[in-house]
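Source file: target_39.tsv (TSV, C-alpha atoms and all ligand atoms)
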chain	number	residue	atom	x	y	z
A	1	MET	CA	-10.79	-20.96	-13.92
A	2	VAL	CA	-13.77	-20.51	-11.59
A	3	ILE	CA	-13.03	-18.70	-8.34
A	4	ASP	CA	-15.40	-19.06	-5.43
A	5	VAL	CA	-14.47	-16.45	-2.84
A	6	ASP	CA	-16.70	-18.11	-0.24
A	7	ASN	CA	-14.48	-21.18	-0.40
A	8	LEU	CA	-11.27	-19.17	-0.08
A	9	VAL	CA	-12.32	-17.45	3.15
A	10	ARG	CA	-11.44	-19.13	6.48
A	11	LYS	CA	-14.37	-21.15	7.76
A	12	CYS	CA	-14.45	-19.31	11.10
A	13	ILE	CA	-14.83	-16.00	9.21
A	14	ARG	CA	-17.53	-17.42	6.93
A	15	ASP	CA	-19.45	-18.54	10.01
A	16	LEU	CA	-18.76	-15.39	12.06
A	17	LYS	CA	-21.62	-13.25	13.27
A	18	PRO	CA	-19.99	-9.80	13.13
A	19	TYR	CA	-20.19	-7.22	15.91
A	20	SER	CA	-23.17	-4.96	15.42
A	21	SER	CA	-22.28	-1.39	16.35
A	22	ALA	CA	-24.72	1.31	17.44
A	23	ARG	CA	-24.08	3.30	14.26
A	24	SER	CA	-24.65	0.26	12.05
A	25	GLU	CA	-27.94	-0.59	13.81
A	26	PHE	CA	-29.35	2.95	13.48
A	27	LYS	CA	-28.14	5.00	10.49
A	28	GLY	CA	-30.79	7.73	10.13
A	29	GLU	CA	-31.24	11.24	11.52
A	30	ALA	CA	-32.66	11.73	15.02
A	31	GLU	CA	-32.97	14.52	17.58
A	32	ILE	CA	-31.31	12.73	20.43
A	33	PHE	CA	-28.72	9.98	20.30
A	34	LEU	CA	-28.44	7.99	23.50
A	35	ASP	CA	-27.41	4.68	21.98
A	36	ALA	CA	-23.60	4.59	21.89
A	37	ASN	CA	-22.43	5.69	25.35
A	38	GLU	CA	-20.76	8.80	23.92
A	39	ASN	CA	-20.25	12.01	25.92
A	40	SER	CA	-23.42	13.98	25.12
A	41	PHE	CA	-21.87	17.25	26.42
A	42	GLY	CA	-19.48	17.37	23.46
A	43	SER	CA	-15.74	17.03	22.90
A	44	PRO	CA	-12.98	19.32	24.21
A	45	VAL	CA	-11.80	19.91	20.61
A	46	GLU	CA	-13.27	22.80	18.65
A	47	GLY	CA	-14.46	22.32	15.07
A	48	SER	CA	-17.18	20.79	13.02
A	49	TRP	CA	-16.14	17.19	13.36
A	50	HIS	CA	-18.45	16.21	16.27
A	51	LEU	CA	-15.62	14.24	17.73
A	52	ASN	CA	-17.73	13.15	20.69
A	53	ARG	CA	-19.67	10.98	18.23
A	54	TYR	CA	-18.56	7.70	16.69
A	55	PRO	CA	-17.83	7.93	12.95
A	56	ASP	CA	-19.71	6.20	10.13
A	57	PRO	CA	-18.49	2.55	10.27
A	58	LEU	CA	-18.55	2.30	6.45
A	59	GLN	CA	-17.34	5.86	5.62
A	60	LEU	CA	-19.88	6.23	2.81
A	61	ARG	CA	-19.33	9.95	2.11
A	62	LEU	CA	-15.59	9.49	1.83
A	63	LYS	CA	-16.03	6.42	-0.36
A	64	GLU	CA	-18.24	8.42	-2.73
A	65	LYS	CA	-15.42	10.99	-3.02
A	66	ILE	CA	-12.93	8.22	-3.71
A	67	GLN	CA	-15.32	6.86	-6.34
A	68	SER	CA	-15.09	10.23	-8.11
A	69	ILE	CA	-11.32	9.81	-8.62
A	70	LYS	CA	-10.94	6.02	-8.93
A	71	ASN	CA	-14.15	5.11	-10.75
A	72	ILE	CA	-14.78	2.22	-8.34
A	73	THR	CA	-18.07	1.81	-6.47
A	74	PRO	CA	-18.20	1.94	-2.63
A	75	ASP	CA	-19.16	-1.75	-2.43
A	76	GLN	CA	-15.75	-2.54	-3.95
A	77	MET	CA	-13.83	-0.53	-1.32
A	78	LEU	CA	-12.53	-1.09	2.17
A	79	LEU	CA	-10.67	1.68	3.99
A	80	GLY	CA	-8.04	0.86	6.56
A	81	ASN	CA	-5.83	2.51	9.15
A	82	GLY	CA	-3.14	2.70	6.46
A	83	SER	CA	-2.64	-0.06	3.87
A	84	ASP	CA	-0.92	-1.88	6.70
A	85	GLU	CA	-4.29	-2.54	8.34
A	86	CYS	CA	-5.66	-3.74	4.98
A	87	ILE	CA	-2.76	-6.21	4.63
A	88	ASP	CA	-3.42	-7.56	8.13
A	89	LEU	CA	-7.17	-7.91	7.50
A	90	LEU	CA	-6.52	-9.80	4.26
A	91	VAL	CA	-4.24	-12.31	5.92
A	92	ARG	CA	-6.65	-12.83	8.82
A	93	CYS	CA	-9.58	-13.26	6.42
A	94	PHE	CA	-8.04	-15.85	4.09
A	95	CYS	CA	-5.16	-17.63	5.88
A	96	GLU	CA	-5.60	-20.23	8.59
A	97	PRO	CA	-2.92	-19.80	11.32
A	98	GLY	CA	-0.51	-22.71	11.62
A	99	LYS	CA	-1.68	-24.13	8.28
A	100	ASP	CA	-1.78	-21.70	5.36
A	101	SER	CA	0.90	-19.53	3.71
A	102	ILE	CA	1.32	-16.32	1.80
A	103	MET	CA	3.82	-15.90	-1.03
A	104	ILE	CA	6.06	-12.85	-1.33
A	105	PHE	CA	8.73	-11.78	-3.83
A	106	PRO	CA	11.76	-10.29	-2.07
A	107	PRO	CA	13.26	-7.80	-1.99
A	108	THR	CA	9.90	-6.21	-1.29
A	109	TYR	CA	7.87	-4.25	1.26
A	110	GLY	CA	8.66	-5.70	4.69
A	111	MET	CA	5.19	-5.72	6.24
A	112	TYR	CA	3.85	-8.71	4.27
A	113	LYS	CA	6.33	-11.01	6.04
A	114	VAL	CA	5.81	-9.35	9.42
A	115	VAL	CA	2.01	-9.68	9.14
A	116	GLY	CA	2.50	-13.34	8.18
A	117	GLY	CA	4.66	-13.84	11.27
A	118	ILE	CA	2.25	-12.06	13.61
A	119	ASN	CA	-0.59	-14.27	12.41
A	120	ASN	CA	1.45	-17.52	12.47
A	121	ILE	CA	1.08	-17.89	8.71
A	122	GLY	CA	3.81	-19.50	6.56
A	123	VAL	CA	5.70	-17.09	4.30
A	124	VAL	CA	6.98	-18.61	1.03
A	125	GLU	CA	9.66	-16.37	-0.46
A	126	VAL	CA	10.37	-16.45	-4.20
A	127	PRO	CA	13.21	-13.97	-4.86
A	128	LEU	CA	12.96	-11.70	-7.86
A	129	LEU	CA	15.26	-12.26	-10.84
A	130	PRO	CA	18.44	-10.12	-10.95
A	131	ASN	CA	16.54	-7.61	-13.13
A	132	PHE	CA	14.00	-7.33	-10.27
A	133	GLN	CA	11.24	-8.99	-12.32
A	134	LEU	CA	9.07	-11.92	-11.23
A	135	ASP	CA	10.52	-15.42	-11.61
A	136	LEU	CA	7.43	-17.13	-13.03
A	137	ASP	CA	8.97	-20.63	-13.19
A	138	ALA	CA	10.06	-20.50	-9.55
A	139	THR	CA	6.66	-19.04	-8.62
A	140	VAL	CA	4.80	-21.95	-10.23
A	141	GLN	CA	7.14	-24.48	-8.61
A	142	SER	CA	6.73	-22.93	-5.16
A	143	ILE	CA	2.94	-22.74	-5.10
A	144	ASP	CA	1.56	-25.63	-3.06
A	145	GLU	CA	-1.86	-26.19	-1.50
A	146	THR	CA	-0.92	-24.11	1.58
A	147	VAL	CA	-0.38	-20.89	-0.45
A	148	LYS	CA	-3.60	-18.86	-0.22
A	149	MET	CA	-2.44	-15.38	-1.15
A	150	LEU	CA	0.29	-13.71	-3.24
A	151	PHE	CA	1.59	-10.19	-2.53
A	152	LEU	CA	2.81	-8.44	-5.69
A	153	CYS	CA	4.17	-4.97	-5.00
A	154	SER	CA	4.19	-3.00	-8.26
A	155	PRO	CA	5.88	-0.52	-8.42
A	156	ASN	CA	7.99	-2.52	-6.01
A	157	ASN	CA	9.44	-1.10	-2.82
A	158	PRO	CA	12.49	-0.90	-2.57
A	159	THR	CA	13.53	-1.64	-6.18
A	160	GLY	CA	11.20	1.00	-7.70
A	161	ASN	CA	10.27	-0.96	-10.86
A	162	ASN	CA	6.92	-2.16	-12.15
A	163	PHE	CA	6.53	-5.86	-12.77
A	164	VAL	CA	5.91	-6.84	-16.40
A	165	ARG	CA	2.14	-6.60	-16.87
A	166	GLU	CA	1.90	-9.91	-18.77
A	167	ASP	CA	3.62	-11.71	-15.85
A	168	ILE	CA	1.03	-10.35	-13.42
A	169	GLU	CA	-1.73	-11.33	-15.84
A	170	ALA	CA	-0.29	-14.83	-16.13
A	171	ILE	CA	-0.48	-15.15	-12.35
A	172	LEU	CA	-4.02	-13.76	-12.25
A	173	ASN	CA	-5.12	-16.21	-14.93
A	174	ASN	CA	-3.60	-19.26	-13.28
A	175	PHE	CA	-3.53	-18.86	-9.49
A	176	ASP	CA	-6.81	-19.73	-7.80
A	177	GLY	CA	-6.09	-17.99	-4.48
A	178	ILE	CA	-6.11	-14.26	-3.69
A	179	VAL	CA	-3.75	-12.01	-5.71
A	180	VAL	CA	-2.92	-8.74	-3.94
A	181	ILE	CA	-1.32	-6.02	-6.07
A	182	ASP	CA	0.07	-3.33	-3.81
A	183	GLU	CA	0.09	-0.14	-5.90
A	184	ALA	CA	1.13	2.27	-3.14
A	185	TYR	CA	3.36	4.13	-5.65
A	186	ILE	CA	1.14	3.89	-8.74
A	187	ASN	CA	0.68	7.68	-9.04
A	188	TYR	CA	4.38	8.00	-9.93
A	189	SER	CA	4.38	5.16	-12.45
A	190	ARG	CA	4.57	5.18	-16.23
A	191	HIS	CA	2.37	2.08	-16.18
A	192	LYS	CA	-1.36	1.67	-15.72
A	193	SER	CA	-3.07	0.52	-12.55
A	194	PHE	CA	-4.79	-2.87	-12.34
A	195	LEU	CA	-7.90	-1.22	-10.89
A	196	PRO	CA	-9.86	-1.47	-14.19
A	197	GLU	CA	-9.26	-5.25	-14.14
A	198	LEU	CA	-11.24	-5.74	-10.92
A	199	ALA	CA	-14.38	-6.71	-12.82
A	200	ASP	CA	-12.53	-9.52	-14.60
A	201	TYR	CA	-10.86	-11.13	-11.58
A	202	PRO	CA	-12.97	-11.95	-8.50
A	203	ASN	CA	-9.76	-12.89	-6.61
A	204	LEU	CA	-7.89	-9.63	-7.36
A	205	VAL	CA	-7.22	-7.13	-4.58
A	206	VAL	CA	-5.59	-3.75	-5.31
A	207	LEU	CA	-4.10	-1.59	-2.56
A	208	HIS	CA	-3.70	2.20	-2.79
A	209	THR	CA	-2.84	4.65	-0.03
A	210	PHE	CA	-3.12	8.30	1.02
A	211	SER	CA	0.41	8.06	2.49
A	212	LYS	CA	2.45	8.65	-0.67
A	213	ALA	CA	1.33	10.95	-3.52
A	214	TRP	CA	-1.59	12.30	-1.47
A	215	GLY	CA	0.83	13.62	1.15
A	216	LEU	CA	-1.20	12.31	4.09
A	217	ALA	CA	0.93	9.63	5.74
A	218	GLY	CA	0.02	11.20	9.09
A	219	ILE	CA	-3.72	10.54	8.91
A	220	ARG	CA	-3.27	6.78	8.25
A	221	LEU	CA	-5.64	5.94	5.43
A	222	GLY	CA	-5.27	3.01	3.06
A	223	MET	CA	-7.65	1.93	0.30
A	224	LEU	CA	-8.38	-1.66	-0.62
A	225	PHE	CA	-10.31	-2.41	-3.82
A	226	ALA	CA	-11.78	-5.83	-4.58
A	227	SER	CA	-14.94	-7.68	-5.59
A	228	PRO	CA	-18.02	-6.98	-3.41
A	229	ALA	CA	-17.75	-10.58	-2.14
A	230	ILE	CA	-14.25	-9.97	-0.73
A	231	ILE	CA	-15.21	-6.54	0.63
A	232	GLY	CA	-18.22	-8.10	2.38
A	233	TYR	CA	-16.00	-10.51	4.30
A	234	LEU	CA	-13.43	-7.84	5.18
A	235	ASN	CA	-16.19	-5.57	6.50
A	236	LYS	CA	-17.22	-8.44	8.78
A	237	ILE	CA	-13.84	-8.58	10.48
A	238	LYS	CA	-12.61	-4.97	10.49
A	239	PRO	CA	-12.81	-3.08	13.78
A	240	PRO	CA	-16.25	-1.36	13.72
A	241	TYR	CA	-14.98	2.25	13.68
A	242	ASN	CA	-11.51	1.80	12.16
A	243	ILE	CA	-11.43	5.19	10.36
A	244	GLY	CA	-11.70	8.26	12.59
A	245	SER	CA	-13.94	11.22	11.66
A	246	HIS	CA	-10.95	13.58	11.41
A	247	THR	CA	-9.17	11.20	9.01
A	248	ALA	CA	-12.28	10.98	6.81
A	249	PHE	CA	-12.78	14.77	6.97
A	250	ILE	CA	-9.19	15.52	5.95
A	251	ALA	CA	-9.16	12.93	3.14
A	252	THR	CA	-12.48	14.23	1.77
A	253	ASN	CA	-11.05	17.75	1.61
A	254	ALA	CA	-7.79	16.54	0.09
A	255	ILE	CA	-9.59	14.90	-2.83
A	256	ALA	CA	-10.87	18.36	-3.80
A	257	GLN	CA	-7.19	19.34	-4.27
A	258	LEU	CA	-6.48	16.86	-7.03
A	259	GLU	CA	-4.75	19.51	-9.19
A	260	LEU	CA	-2.28	20.36	-6.44
A	261	ILE	CA	-1.49	16.69	-5.92
A	262	ASN	CA	-1.02	16.13	-9.65
A	263	SER	CA	1.38	19.05	-9.88
A	264	GLN	CA	3.39	17.65	-6.95
A	265	ILE	CA	3.49	14.27	-8.70
A	266	ARG	CA	4.80	15.91	-11.89
A	267	LYS	CA	7.51	17.72	-9.89
A	268	THR	CA	8.52	14.53	-8.08
A	269	VAL	CA	8.77	12.59	-11.34
A	270	SER	CA	10.83	15.31	-13.00
A	271	GLU	CA	13.15	15.51	-9.97
A	272	ARG	CA	13.43	11.71	-10.00
A	273	GLU	CA	14.74	11.77	-13.56
A	274	ARG	CA	17.07	14.73	-12.90
A	275	ILE	CA	18.53	13.16	-9.74
A	276	SER	CA	18.94	9.79	-11.46
A	277	ASP	CA	21.08	11.44	-14.15
A	278	GLU	CA	23.13	13.35	-11.57
A	279	LEU	CA	23.74	10.16	-9.59
A	280	ARG	CA	24.85	8.27	-12.71
A	281	SER	CA	27.66	10.78	-13.20
A	282	LEU	CA	29.23	10.01	-9.80
A	283	SER	CA	32.29	7.73	-9.94
A	284	PHE	CA	31.34	5.65	-6.86
A	285	VAL	CA	27.82	4.93	-8.12
A	286	GLU	CA	27.60	1.47	-9.72
A	287	ALA	CA	23.92	1.49	-10.74
A	288	VAL	CA	20.90	3.78	-10.61
A	289	TYR	CA	17.84	1.63	-11.15
A	290	THR	CA	14.97	2.94	-13.25
A	291	SER	CA	12.18	3.98	-10.91
A	292	ASP	CA	8.41	4.16	-11.30
A	293	ALA	CA	8.04	5.43	-7.74
A	294	ASN	CA	8.95	8.47	-5.61
A	295	PHE	CA	12.28	6.96	-4.61
A	296	ILE	CA	15.38	5.66	-6.35
A	297	LEU	CA	17.40	2.57	-5.55
A	298	VAL	CA	21.13	3.20	-5.99
A	299	LYS	CA	23.99	0.71	-5.87
A	300	PHE	CA	27.15	2.33	-4.54
A	301	ARG	CA	30.67	0.95	-4.35
A	302	ASN	CA	30.08	0.85	-0.58
A	303	GLY	CA	26.41	1.46	0.27
A	304	THR	CA	26.61	1.38	4.06
A	305	ASP	CA	29.52	3.81	4.01
A	306	VAL	CA	27.52	6.28	1.88
A	307	PHE	CA	24.50	5.83	4.16
A	308	ASN	CA	26.63	6.61	7.26
A	309	LYS	CA	28.35	9.61	5.68
A	310	MET	CA	25.01	11.10	4.62
A	311	LYS	CA	23.66	10.53	8.12
A	312	ASP	CA	26.65	12.44	9.53
A	313	ALA	CA	25.79	15.24	7.07
A	314	GLY	CA	22.23	15.32	8.43
A	315	ILE	CA	20.57	13.46	5.53
A	316	ILE	CA	18.82	10.20	6.33
A	317	LEU	CA	18.59	7.62	3.55
A	318	ARG	CA	17.47	3.98	3.80
A	319	ASP	CA	20.25	1.38	3.80
A	320	ARG	CA	18.86	-1.69	1.99
A	321	SER	CA	22.23	-3.42	1.55
A	322	LYS	CA	21.34	-6.40	3.76
A	323	GLU	CA	18.36	-7.41	1.59
A	324	VAL	CA	18.54	-10.24	-0.92
A	325	LEU	CA	19.89	-9.01	-4.33
A	326	LEU	CA	20.61	-5.56	-2.88
A	327	GLU	CA	24.26	-5.65	-1.85
A	328	ASN	CA	25.53	-2.06	-1.42
A	329	CYS	CA	22.12	-0.61	-2.30
A	330	VAL	CA	20.61	2.46	-0.67
A	331	ARG	CA	17.09	3.76	-1.25
A	332	LEU	CA	16.55	7.48	-1.40
A	333	THR	CA	13.22	9.27	-1.42
A	334	ILE	CA	12.82	12.17	-3.86
A	335	GLY	CA	12.78	15.38	-1.83
A	336	THR	CA	12.12	18.98	-2.79
A	337	PRO	CA	14.55	20.42	-5.39
A	338	GLU	CA	16.45	22.14	-2.54
A	339	GLU	CA	16.71	18.92	-0.52
A	340	ASN	CA	17.83	16.99	-3.58
A	341	GLU	CA	20.49	19.62	-4.33
A	342	ARG	CA	21.83	19.31	-0.78
A	343	LEU	CA	21.97	15.54	-1.19
A	344	ILE	CA	23.83	15.74	-4.50
A	345	ASP	CA	26.25	18.34	-3.09
A	346	GLU	CA	27.03	16.13	-0.08
A	347	LEU	CA	27.46	13.07	-2.31
A	348	LYS	CA	29.83	14.95	-4.61
A	349	LYS	CA	32.04	15.63	-1.60
A	350	LEU	CA	32.64	11.85	-1.38
A	351	SER	CA	34.10	11.65	-4.91
B	401	LIG	C1	4.53	-0.90	-0.94
B	401	LIG	C2	3.96	-0.32	0.29
B	401	LIG	N1	2.74	-0.70	0.68
B	401	LIG	C3	2.17	-0.19	1.78
B	401	LIG	C4	2.84	0.73	2.57
B	401	LIG	C5	2.19	1.23	3.81
B	401	LIG	O1	1.30	2.21	3.50
B	401	LIG	P1	0.36	2.89	4.60
B	401	LIG	O2	1.07	4.10	5.08
B	401	LIG	O3	-0.88	3.17	3.84
B	401	LIG	O4	0.15	1.88	5.70
B	401	LIG	C6	4.11	1.15	2.20
B	401	LIG	C7	4.85	2.12	3.03
B	401	LIG	O5	5.97	2.45	2.85
B	401	LIG	C8	4.69	0.61	1.04
B	401	LIG	O6	5.91	0.96	0.63
Just give me the structure of the file as C-alpha cells.
Amino acid sequence: MVIDVDNLVRKCIRDLKPYSSARSEFKGEAEIFLDANENSFGSPVEGSWHLNRYPDPLQLRLKEKIQSIKNITPDQMLLGNGSDECIDLLVRCFCEPGKDSIMIFPPTYGMYKVVGGINNIGVVEVPLLPNFQLDLDATVQSIDETVKMLFLCSPNNPTGNNFVREDIEAILNNFDGIVVIDEAYINYSRHKSFLPELADYPNLVVLHTFSKAWGLAGIRLGMLFASPAIIGYLNKIKPPYNIGSHTAFIATNAIAQLELINSQIRKTVSERERISDELRSLSFVEAVYTSDANFILVKFRNGTDVFNKMKDAGIILRDRSKEVLLENCVRLTIGTPEENERLIDELKKLS
C-alpha cells in the first residue's frame, strides 16, 4: 500500500502560504531586537525566561530534550497546547468540513468527537466489542471514502486496556488514511509504544502528553510524533507561538528528572494492582477491569449511587455509566497510597 501524505492533506492546506512570524524570519543572535513589537523594557515577572520576548516557534531546544528520551528526531515532532490542540490540528489538516469523517471506537476519550463536531466533520462510531477490543469486521464495513482518519486510544480511556497489537497493525497495513494512536497513558502500560513503528508507516501519528505520567497537566504540553511530511503540514497550520517559553522551560527541566518520574510510575502501577485486588473483594463490585493506565474502570451494582456516595464523602470519581458498554461503570484515578486507603475505607462502609 503506497501512502502519499500530500494527497491526504486538504487542498486548501496544501496550497496555504503560512504566516511568517518575526522569530521564524530571523533566528540568529543580535544586539537589538526591534522586529516583533514586544515590550523592550522587559516583563513584570522576575526570572530568566525573558517573558517579554516571543518564544521559539519550533521549540528546538525542548525537542532535542524530548529526542533524548523518545529517540525521535525533532523533524518528526509537533508540540501542542496539550494533546487536545494536536487532535484539533490533525482534524483541520486532513478533514474537509461538511464532507469528510473521522472514525472513533467508543467508549473512548471524548475530545475526538467534540473536535469533529467543532470542525463540522462526520464522526463514524464503531463501538468496541464487549471485551473492549476493536471490532475489526465492523471497522472494515464502516470505512467509506469519507473516512480520512482513525483515532485509536491505546491504552484506552476510560476502559484502561491496550488494544491487541496485531489488530492495530492490521489497521495500519490496510487503511490508507491517517491512523492516530493516542498513547497518553503509555508510561503505565505493560505493552510497547508504537513510536518505533513510525519509520514503517508514513500515515501513522502517535500522541503522547506531559499531562499524565510527567505530572504537568497544568503547563499544557502535548507531543505529536509522525513522518516529517505530516509534521511539515501541521507546522504550516499551527498558531505561530503555540508553546509558551515558561511551558518549554518547565518541560525541559522536568525531563532531567526522569528517575523521579519513573519511580512515581512504579508506585502508581503497584497501587493500581493493590487497589484492583481490594476492589474485587467488595460484594457490590461486579467487575474490576484490567488496566494499563493510571486509572481503573469498575463496574458496581449501582455505579451512579457509588459515585454520589463518594462525592458526599469528599472523593470525586468519574461516573461513566451513561457511555456505551459501560452501564454502572465508574472510573477512578490512582491516587497516593493515603488517598487510595481513604477511598477503600469509604467504599467498605457501603458494604
Ligand atoms: C486519551 C487521552 N488523550 C488526550 C488527553 C488530553 O491530554 P492533554 O492534557 O495533553 O490535552 C487525555 C486527557 O485526559 C486523554 O485521556
Site check for ligand LIG 401 (chain B): residues at most 9 Å away, all atoms listed in the file, as a ChimeraX atom specification: /A:80-87,108-112,153-158,182-185,207-212,216-223
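Using all atoms listed in the file, the nearest neighbour of Gly215 of chain A within the list A:Ser142, A:Ser283, A:Ser270, A:Asn294 is A:Asn294.
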Mind checking which residues fall within 9 Å of Val324 of chain A, counting all atoms listed in the file, ignoring those fewer than 2 positions away in the same chain, and posting them as an mmCIF file with C-alpha atoms, keeping the file's coordinate frame?
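Final file, out_8.cif:
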data_model
loop_
_atom_site.group_PDB
_atom_site.id
_atom_site.type_symbol
_atom_site.label_atom_id
_atom_site.label_comp_id
_atom_site.auth_asym_id
_atom_site.auth_seq_id
_atom_site.Cartn_x
_atom_site.Cartn_y
_atom_site.Cartn_z
ATOM 1 C CA PRO A 106 11.760 -10.290 -2.070
ATOM 2 C CA PRO A 107 13.260 -7.800 -1.990
ATOM 3 C CA PRO A 127 13.210 -13.970 -4.860
ATOM 4 C CA SER A 321 22.230 -3.420 1.550
ATOM 5 C CA LYS A 322 21.340 -6.400 3.760
ATOM 6 C CA LEU A 326 20.610 -5.560 -2.880
ATOM 7 C CA GLU A 327 24.260 -5.650 -1.850
#
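In terms of minimum interatomic distance to Ser276 of chain A, A:Val298 ranks closest within A:Ile181, A:Val45, A:Leu136, A:Val298, counting all atoms listed in the file.
Compared by their closest atoms to Gly122 of chain A, and using all atoms listed in the file, the residues A:Tyr54, A:Met149, A:Thr139, A:Asn174 rank with A:Met149 nearest.
Atom to atom, atom CA of Ala213 of chain A and atom CA of Leu78 of chain A stand 19.2 Å apart.
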Contact residues around Arg320 of chain A with only C-alpha atoms at 7 Å, ignoring same-chain residues under 5 positions, as a ChimeraX atom specification: /A:326,329-331
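One distance worth recording is that between atom CA of Gln141 of chain A and atom CA of Asp167 of chain A, which is 15.1 Å.
For the residues A:Asp319, A:Asp6, A:Glu96, A:Glu25, ranking by smallest atom-to-atom distance to Pro240 of chain A using all atoms listed in the file places A:Glu25 first.
Closest approach to Arg14 of chain A among A:Arg266, A:Lys70, A:Lys236, A:Lys65: A:Lys236, based on only C-alpha atoms.
Near Lys299 of chain A, within 7 Å and counting all atoms listed in the file, sit Val285, Glu286, Ala287, Val288, Asn328, Cys329 and Val330 of chain A, not including residues fewer than 6 positions from it in the same chain.
Taking only C-alpha atoms, the non-local environment of Gly42 of chain A within 8 Å (same-chain residues fewer than 2 positions away omitted) comprises Asn39, Ser40, Pro44, His50, Leu51 and Asn52 of chain A.
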Who sits within 8 Å of Asn120 of chain A, all atoms listed in the file, same chain under 4 positions skipped, as a PyMOL selection string: chain A and resi 97-98+116
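Between atom CA of Lys148 of chain A and atom CA of Met103 of chain A the interatomic distance comes to 8.0 Å.
Using all atoms listed in the file, the shortest contact distance between Ile72 of chain A and any of A:Glu271, A:Glu259, A:Glu197, A:Glu278 is found at A:Glu197.
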To box segment 174-178 of chain A, take all atoms listed in the file, fit an axis-aligned box, add 6 Å on each side, and give centre and edge lengths in Å to one decimal, as lines of an AutoDock Vina configuration file.
center_x = -5.2
center_y = -17.0
center_z = -8.5
size_x = 15.3
size_y = 17.5
size_z = 21.6
